[in-house]
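Enquirer: Quick one: the structure is below, and I'll ask about it shortly.
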Amino acid sequence: MKKFLLPLLFLFLFLLESLFAQYTPHEVFGHNYILAPHFLFAGILFLTIYAGRKYGIIYAAIFGLLFDIVWIEIIGIYFFLFPFIAYLISKIMHVLQTNIIVAFLVSLVGITLLELGVYEMDYLI
């Protein structure tokens, strides 16, 4: 039972991300924005920080491919960026202390790198 709990948690985060984006109002602070949460990727980064690089990269590759298949027309952007950023975060955490504040700030850096990478790939195409 325990070995199915983590994949179910990440599947729930994957579904929650799309529901959150769909049901939040698009009119935010007087502008028409779509809020894009990164619950799944933040969970993958926390898994990488606390459970180890191996599990983080495996889950990042699986859910990156799933994310590409379901949401993106070009397969490979998230499939490459999720594990790559998880690897970078694991290397960064070897230098820093592992506490919740540092993990939160490093995960924000990881999400920022993900957004920059996706933007650059879209801009390149």
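Naming works like this for the structure tokens: A, B, ... for the chains as they're shown, residue 1 at the start of each chain, ligands 1 onward in shown order.
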I'd like the contact shell of region 104-116 of chain A - 9 Å cut-off, only C-alpha atoms, skipping same-chain residues fewer than 5 positions apart - returned as a VMD selection string.

Expert: chain A and resid 38 41 to 42 45 to 46 78 81 to 82 85 to 86 88 to 89 92 to 93 99 121

Enquirer: Emit the selected residues as a PDB file, in the first residue's frame, including N, CA and C atoms.

Expert:
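Output saved as result_22.pdb:
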```
ATOM      1  N   HIS A  38       2.172  25.405 -10.012  1.00  0.00           N
ATOM      2  CA  HIS A  38       3.133  24.340 -10.284  1.00  0.00           C
ATOM      3  C   HIS A  38       3.187  23.405  -9.080  1.00  0.00           C
ATOM      4  N   PHE A  41       5.301  20.160  -9.940  1.00  0.00           N
ATOM      5  CA  PHE A  41       6.745  20.364 -10.009  1.00  0.00           C
ATOM      6  C   PHE A  41       7.320  20.725  -8.643  1.00  0.00           C
ATOM      7  N   ALA A  42       6.576  21.485  -7.855  1.00  0.00           N
ATOM      8  CA  ALA A  42       7.036  21.783  -6.498  1.00  0.00           C
ATOM      9  C   ALA A  42       7.115  20.497  -5.681  1.00  0.00           C
ATOM     10  N   LEU A  45      10.198  18.664  -6.749  1.00  0.00           N
ATOM     11  CA  LEU A  45      11.405  19.269  -6.190  1.00  0.00           C
ATOM     12  C   LEU A  45      11.567  18.937  -4.709  1.00  0.00           C
ATOM     13  N   PHE A  46      10.479  18.943  -3.959  1.00  0.00           N
ATOM     14  CA  PHE A  46      10.565  18.556  -2.553  1.00  0.00           C
ATOM     15  C   PHE A  46      10.922  17.073  -2.415  1.00  0.00           C
ATOM     16  N   TYR A  78       8.890  19.488 -21.286  1.00  0.00           N
ATOM     17  CA  TYR A  78       8.806  19.183 -19.860  1.00  0.00           C
ATOM     18  C   TYR A  78       9.501  17.863 -19.535  1.00  0.00           C
ATOM     19  N   LEU A  81      13.026  19.160 -19.186  1.00  0.00           N
ATOM     20  CA  LEU A  81      13.262  20.170 -18.152  1.00  0.00           C
ATOM     21  C   LEU A  81      12.981  19.680 -16.736  1.00  0.00           C
ATOM     22  N   PHE A  82      11.946  18.868 -16.529  1.00  0.00           N
ATOM     23  CA  PHE A  82      11.655  18.374 -15.175  1.00  0.00           C
ATOM     24  C   PHE A  82      12.854  17.626 -14.579  1.00  0.00           C
ATOM     25  N   ILE A  85      16.120  20.019 -14.166  1.00  0.00           N
ATOM     26  CA  ILE A  85      16.046  20.962 -13.040  1.00  0.00           C
ATOM     27  C   ILE A  85      16.074  20.209 -11.715  1.00  0.00           C
ATOM     28  N   ALA A  86      15.464  19.033 -11.659  1.00  0.00           N
ATOM     29  CA  ALA A  86      15.546  18.218 -10.438  1.00  0.00           C
ATOM     30  C   ALA A  86      16.993  17.839 -10.148  1.00  0.00           C
ATOM     31  N   LEU A  88      19.670  19.610 -11.118  1.00  0.00           N
ATOM     32  CA  LEU A  88      20.337  20.848 -10.670  1.00  0.00           C
ATOM     33  C   LEU A  88      20.006  21.169  -9.223  1.00  0.00           C
ATOM     34  N   ILE A  89      18.752  20.987  -8.844  1.00  0.00           N
ATOM     35  CA  ILE A  89      18.338  21.265  -7.469  1.00  0.00           C
ATOM     36  C   ILE A  89      19.021  20.304  -6.502  1.00  0.00           C
ATOM     37  N   ILE A  92      22.471  21.593  -6.021  1.00  0.00           N
ATOM     38  CA  ILE A  92      22.466  22.806  -5.196  1.00  0.00           C
ATOM     39  C   ILE A  92      22.275  22.438  -3.727  1.00  0.00           C
ATOM     40  N   MET A  93      21.429  21.462  -3.451  1.00  0.00           N
ATOM     41  CA  MET A  93      21.151  21.102  -2.062  1.00  0.00           C
ATOM     42  C   MET A  93      22.305  20.376  -1.387  1.00  0.00           C
ATOM     43  N   ASN A  99      16.701  22.562   5.213  1.00  0.00           N
ATOM     44  CA  ASN A  99      15.588  22.881   6.101  1.00  0.00           C
ATOM     45  C   ASN A  99      14.450  23.409   5.243  1.00  0.00           C
ATOM     46  N   MET A 121      12.085  28.027 -24.942  1.00  0.00           N
ATOM     47  CA  MET A 121      11.775  27.024 -25.954  1.00  0.00           C
ATOM     48  C   MET A 121      10.613  27.476 -26.833  1.00  0.00           C
TER      49      MET A 121
END
```

Enquirer: If we count only C-alpha atoms and set the cut-off at 12 Å, which residues sit around Lys54 (chain A), ignoring sequence neighbours fewer than 4 positions away in its own chain? Please answer as a PyMOL selection string.

Expert: chain A and resi 44-45+47-50+58-61+83+86-87+90

Enquirer: Please determine, counting only C-alpha atoms, which residue among A:Ala103, A:Ala51, A:Ile34, A:Val28 has the shortest atom-to-atom distance to Leu6 (chain A).

Expert: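 Comparing A:Ala103, A:Ala51, A:Ile34, A:Val28 against Leu6 (chain A), the winner is A:Ala51.
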
Enquirer: Fewer than 6 positions away in the same chain doesn't count, so skip those; otherwise give me all residues within 12 Å of Pro25 (chain A), counting only C-alpha atoms, as a list of chain:residue names.

Expert: A:Leu19, A:His31, A:Asn32, A:Tyr33, A:Ile34, A:Leu35, A:Ala36

Enquirer: Print the selection's residues with C-alpha atoms to a file, as a PDB file, in the first residue's frame.

Expert:
```pdb
ATOM      1  CA  LEU A  19      -8.495  22.122 -11.714  1.00  0.00           C
ATOM      2  CA  HIS A  31      -5.899  42.294 -15.774  1.00  0.00           C
ATOM      3  CA  ASN A  32      -6.773  39.174 -17.702  1.00  0.00           C
ATOM      4  CA  TYR A  33      -4.286  36.588 -16.399  1.00  0.00           C
ATOM      5  CA  ILE A  34      -4.320  32.822 -16.202  1.00  0.00           C
ATOM      6  CA  LEU A  35      -2.754  31.647 -12.970  1.00  0.00           C
ATOM      7  CA  ALA A  36      -0.569  28.621 -13.606  1.00  0.00           C
TER       8      ALA A  36
END
```

Enquirer: What parts of chain A does DSSP call alpha helix (DSSP H)? I'd like the answer as an NGL selection string.

Expert: :A and (2-23 or 39-51 or 53-71 or 77-95 or 100-124)
